[in-house]
Amino acid sequence: MGKLAEAVSSEESPERALLIELDSPKKTVRAAAIVKAAKIAKDPLIIRKLQMIEQSQDRELSLVAKQAIARIQSRVGELKATSFNGTSLTRENLLLPLPVEVPLVLKYIREDPNRVSEDLRATVAEFLGKHGAATDAEYLLQWLAGTTSLLALPFIEALEILFPKSLLTVLPNLLASEVPLVRVRAILTLRRIDPDEAAAHFSELIGSRKAEERLAGISIAFMFPFEQVKHVVLALLRTEIDDDVIAATEIFFSTNPEEDTALRLLDLLETLPKEQTAGVGRIFKGICGVLEKAQILPAEQARPEAMVARWKRERLKKFLIDLEVQITVCDKERLETIEAWLKKNIQHPDVAEFVETLSQSPATEEIYQRLTVGVVPESPAELNWESPVSQQPAAKRRMLESLDASKFNKIAPWIRNEAAKGIPTIRTAALNAIRTFDPTPPDSDLAEEAIKADDPKIVLAGVKLLEKARPFSLPPYLPRLLRSRDLSVLLKAVRIALKSEAKKAIDILAELLKSKEAPIRAQAVACLMICPFDQVMDMLMEALLIETNHDIAQKILLILNSNPGAKVLRSLDKIQATRDPAVTIMVAQVRAEMFELILKYGYEAFDESTTEGKVSRSQPAKPPSPETEAKIPISAPEKNSEAVSRKTERRSDHIKAPDEATPATKVHPLFARKTPPQKSDQIENSAGLTGIPYSVSEVRNAIRRREADIYKAAAKWHAASSSQRKIIMIAGIAVILLVVAGLLFLR
């Protein structure tokens with residue numbers, strides 16, 4: 001268990017929790033604990049721990065700890081007030097100034113800010129935050145401009161108090177800081193200026209591949225509207241394995257307890273891998289406890305077992321629909337988890353009914369066969385294998401579904417007769433039985449006749465049989481099959497058509513991606529996996545913008561991430577927001593992962609010399625002064641004409657939401673999906689890069705340039721080291737040869 005998780009689970013005092021956090025292996029957790037200790041700690045053990053950190057080799061943490069110790073001592077009365085002598089400034093003068101000396105200290109600082117020693121500047125910033133004025137912002141900005149480390153925090157806090165708009169000039173650097181705590185502080189500052197961009201930066205942080213950055217992101221989730229970030233944090237839990245991040249998530253949800261959150265966590269729990277269920281289960285139980293203690297729900301309704309029973313009553317059917325999507329698009333590990341859950345619950349009527357529907361889809365029929373193998377409604381002993389013709393239809397079907405090789409050979413003539421002339425249910429079962437065992441050439445004729453039938457189940461069984469017995473005979477039937485109004489037949493035909501009529505099949509898949517039914521979209525995405533990527537990339541990007549099902553979005557991103565490249569990454573960069581905040585997080589995660597891949601195997605794509613798709617750096621504006629303050633917009637973007645015009649600049653024609661008025665082909669009535677009402681710029685503005693210096697795209701590219709420079713430097717160092725090692729090795733071999741030659745000469 002991580003240190004933060006241990007602190008969360010601890011029932012001791014906050015100061016005891018601080019001690020645990022100060023020992024965390026994560027620098028972000030230790031730094032946050034130091035800042036918190038400066039505000040609330042009194043325990044001598046904490047002061048001793050801070051003194052140990054002050055003496056450590058980490059300069060940043062050492063200086064922050066030193067500042068915290070002084071603040072604690074001044075708060076608890078251990079720091080003695082000293083008179084200001086007018087010629088030199090001490091920490092005591094700043095932390096415990098005598099009221100009459102405050103003007104003198106201010107005069108001393110303002111006369112020559114450069115004479116303030118570097119180790120006192122953070123304390124001066126704190127002092128000015130209490131006693132300074134907007135005119136002090138100029139030299140505070142100069143001090144701040146030299147750092148994006150932890151030492152930046154006191155300056156940011158002081159400037160927020162004195163002259164918040166002055167931070168606009170340094171926000172890009174702060175938002176790109178390597179220190180997560182500085183980034184989150186900058187995001188909170190940006191939230192007062194541009195809430196939309198602040199939310200985008202928050203999503204980017206939550207989608208980071210670095211646990212400390214995700215942890216820092218969770219720490220400021222409280223500062224955003226709960227409904228805006230709830231789904232983002234829930235999406236994080238789908239893949240999160242870091243104990244400290246999970247513990248921070250537990251705190252977030254426990255302080256915002258909702259019945260809906262508890263039910264959504266149950267949705268997650270049913271399909272998560274075993275190693276992730278403990279953390280999410282703890283969060284679920286914690287929310288139930290808070291719902292009971294806060295009397296949001298009666299005790300009998302808030303208990304975990306009662307919540308589970310309610311979930312089965314209210315959400316099971318929706319969960320099963322989502323499960324069909326997951327089966328279609330999930331990875332092998334999750335599929336095994338889902339299959340185990342279905343086997344465990346197959347006796348439940350709703351689950352049993354759901355399992356039967358899996359037989360109707362090409363994408364789910366395999367799991368159906370595994371779930372029902374050896375399961376026969378009635379004992380085979382009751383069936384008359386000697387005279388199948390005399391059986392009732394229900395018995396005939398049971399016979400066909402419980403065959404083994406020997407029984408099949410015994411009644412093969414009867415089976416083939418039913419496959420040719422039987423009633424629809426028996427004919428379908430007979431065709432499937434022939435396909436299961438080795439079909440003979442004459443069976444292809446049975447399959448072709450079945451394809452011409454009116455019943456879609458017979459058609460589907462015929463297609464499957466012909467695909468196995470004589471696949472080269474299928475192409476002539478594709479035009480007919482591709483016009484089918486039955487989803488199962490159509491999807492099967494599309495999979496076959498991809499081998500010979502790819503364009504027509506891809507056009508149909510484009511229609512399916514617009515369906516209002518998630519399982520249909522899921523099957524379309526599953527088919528797109530085997531299509532030429534260059535022909536479907538734009539289609540996938542458009543679908544990603546409006547997709548609200550997380551599993552489908554995950555599969556789309558998997559396809560994109562399996563084809564990494566600068567073009568794909570630039571297209572992902574244009575997606576600043578999607579219709580679902582959780583999908584936006586997934587995009588951020590894949591974007592970060594793809595950049596790492598490209599950086600590793602071809603960072604030249606992001607070199608400054610590359611002009612294609614290059615995002616230009618914006619020059620920082622001149623620092624504003626208090627006199628020009630009125631000219632700088634401070635209101636929220638939607639209430640400000642300048643901000644609105646900036647939003648317009650974000651629009652891009654490169655990626656836009658699918659429009660039913662201009663589909664690739666005429667939309668099939670079975671799959672048409674109307675786009676729900678939305679804000680005017682919700683979709684069309686969600687793709688595109690902006691030129692403002694603090695935008696997510698600009699900051700992201702600044703971070704990438706820094707990482708690319710580090711990568712290049714490391715590569716050069718490694719190459720130089722390799723050359724040096726070779727020289728040393730050659731020299732060593734030469735010395736050894738000389739010694740050996742000398743010894744031989746002496747002999």
# chains A, B, ... in the order shown; residues from 1 in each chain; ligands from 1
>>> residues_around(residues="Phe595 in chain A", least_positions_apart="6", cutoff="12 Å", atoms="only C-alpha atoms", output="list in words")
Ser208, Arg209, Asn561, Pro564, Gly565, Ala566, Lys567, Val568, Leu569, Arg570, Leu572, Asp573, Ala588, Gln589, Tyr601, Gly602, Tyr603, Glu604, Ala605, Phe606, Arg700, Asn701, Ile703, Arg704, Arg705, Glu707 and Ala708 of chain A
>>> closest_residue(among="A:Ala68, A:Ala186, A:Ile496, A:Ile508", to="Tyr694 in chain A", atoms="only C-alpha atoms")
A:Ala186
>>> residues_around(residues="Leu98 in chain A", least_positions_apart="4", cutoff="9 Å", atoms="only C-alpha atoms", output="list in words")
Ala81, Thr82, Ser83, Phe84, Asn93 and Val102 of chain A
>>> write_last_selection(atoms="all heavy atoms", output="short mmCIF file (atom, residue, chain, number, x, y, z; two decimals), in the first residue's frame")
data_model
loop_
_atom_site.label_atom_id
_atom_site.label_comp_id
_atom_site.auth_asym_id
_atom_site.auth_seq_id
_atom_site.Cartn_x
_atom_site.Cartn_y
_atom_site.Cartn_z
N ALA A 81 10.32 37.50 17.79
CA ALA A 81 10.29 38.70 16.97
C ALA A 81 11.55 39.52 17.22
O ALA A 81 11.97 39.70 18.36
CB ALA A 81 9.04 39.52 17.29
N THR A 82 12.16 40.01 16.16
CA THR A 82 13.37 40.84 16.28
C THR A 82 13.14 42.15 15.55
O THR A 82 12.42 42.22 14.55
CB THR A 82 14.59 40.13 15.66
OG1 THR A 82 14.31 39.83 14.29
CG2 THR A 82 14.90 38.84 16.40
N SER A 83 13.77 43.19 16.06
CA SER A 83 13.60 44.51 15.45
C SER A 83 14.36 44.58 14.13
O SER A 83 15.45 44.02 13.98
CB SER A 83 14.13 45.59 16.40
OG SER A 83 13.39 45.58 17.60
N PHE A 84 13.76 45.27 13.18
CA PHE A 84 14.39 45.47 11.88
C PHE A 84 15.40 46.61 12.01
O PHE A 84 15.05 47.72 12.42
CB PHE A 84 13.33 45.79 10.84
CG PHE A 84 13.86 46.14 9.49
CD1 PHE A 84 14.72 45.26 8.83
CD2 PHE A 84 13.53 47.34 8.87
CE1 PHE A 84 15.22 45.58 7.57
CE2 PHE A 84 14.02 47.65 7.62
CZ PHE A 84 14.87 46.77 6.97
N ASN A 93 12.15 39.05 10.60
CA ASN A 93 11.53 40.33 10.24
C ASN A 93 10.35 40.14 9.30
O ASN A 93 9.40 40.95 9.33
CB ASN A 93 12.55 41.24 9.54
CG ASN A 93 13.72 41.61 10.42
OD1 ASN A 93 14.84 41.76 9.93
ND2 ASN A 93 13.51 41.73 11.73
N VAL A 102 6.43 47.29 9.47
CA VAL A 102 6.00 46.80 8.16
C VAL A 102 6.31 47.81 7.06
O VAL A 102 6.88 47.45 6.01
CB VAL A 102 4.50 46.44 8.18
CG1 VAL A 102 3.99 46.20 6.76
CG2 VAL A 102 4.27 45.20 9.03
#
>>> atom_distance(atom1="CA of Ala469 in chain A", atom2="CA of Cys527 in chain A")
22.6 Å
